[in-house]
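Below is one structure, written out as structure tokens; the observations come after it.
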Amino acid sequence: MSDVHEKSLAHPFPVVDGHGLRLRPWDPESEADVATWLRGLSDPEFQRWNTPVKIVRDLDSARDSLRSRAEAVADGTAVAFCVTDAATGTTLGHIGVNDINHVIRVGIVGYWVLPEARGHQVATRALALAVRYAFGAVRLHRVELGHALGHDASCRIAERCGFPYEGTLREAMFESGRHDAFRDVHLHARIATDPEPTLPPMGSGPR
């Protein structure tokens, strides 16, 4: 098991370390963070598989998007992490647990990885850390992971991190770049009592 350090959820800026990564909060007042957020959401691979309700097209809308994330974190309905390399501090991507329902203790995980960071299991390692944090500090019982039908890389990442496939949700997300058409979603989930998976050696997977 990786050595993971978690600050309390009561701290407004949780940081999680492990698997060669540091998960830190995004800063909507940081020009660098806003520019990276815009680049991540503008990436063609992200846009192929994801269509946000509010499209981010420029720095102003990226800052508004990050501020909305910060507000969700503050009110306890989300946890949003900037994924960085633990040794260099280089930003690699994003992972968050969204739509947290504290009554039934469920949240929905989402993530993306910058183009230059792909191929190094960043998503796999970040997902393992974020889920451990969600089950621990946030005290969730169930974390769901949904991805567009056909996104095979996300299927592999989910299964590698102990999220079995549970079924297909019909027309449960927007089509790429559209708000007037829908596509099916593969649903994966993990519950707190599931055994924690052993991650494969770094370098043995696509993400």
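In the structure tokens, the first chain shown is A, the next is B, and so on; residue numbers restart at 1 for each chain, and ligands run from 1 in the order shown.
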**OP:** Identify all residues of segment 19-66 of chain A in strand (DSSP E or B) (DSSP on the backbone) and supply them as an NGL selection string.
**Re:** :A and (21-25)
Mind dumping the selected residues with C-alpha atoms as a PDB file, in the first residue's frame?
```
ATOM      1  CA  LEU A  21       1.418  12.314  -6.840  1.00  0.00           C
ATOM      2  CA  ARG A  22       0.213  15.235  -4.797  1.00  0.00           C
ATOM      3  CA  LEU A  23      -3.467  16.140  -5.004  1.00  0.00           C
ATOM      4  CA  ARG A  24      -3.893  19.783  -4.033  1.00  0.00           C
ATOM      5  CA  PRO A  25      -6.795  22.239  -4.312  1.00  0.00           C
TER       6      PRO A  25
END
```
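For segment 163-173 of chain A, the list of residues within 9 Å, based on only C-alpha atoms and with local chain neighbours fewer than 5 positions off taken out, reads Asn50, Thr51, Val143, Glu144, Leu145, Gly146, His147, Ala148, Leu149, Cys155, Ile157, Ala158, Ala181, Phe182, Arg183, Asp184, Val185, His186, Leu187, His188, Ala189, Arg190 and Ile191 of chain A.
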Original post:
Looking at only C-alpha atoms, which of A:Arg69, A:His19, A:Arg118, A:Arg156 is the one that sits closest to Asp85 of chain A?
Top reply: A:His19
Original post:
Quick one: DSSP alpha helix (DSSP H) residues in segment 21-175 of chain A, as a PyMOL selection string?
Top reply: chain A and resi 31-42+44-49+59-74+122-136+152-160
Subject >> For Ser30 of chain A: contacts at 12 Å, only C-alpha atoms, fewer than 4 positions along chain excluded, given as a PyMOL selection string >> reply: chain A and resi 25-26+34-37+59+62-63+66-67
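Picture a line from atom CA of Asp99 of chain A to atom CA of Glu116 of chain A; it runs 28.8 Å.
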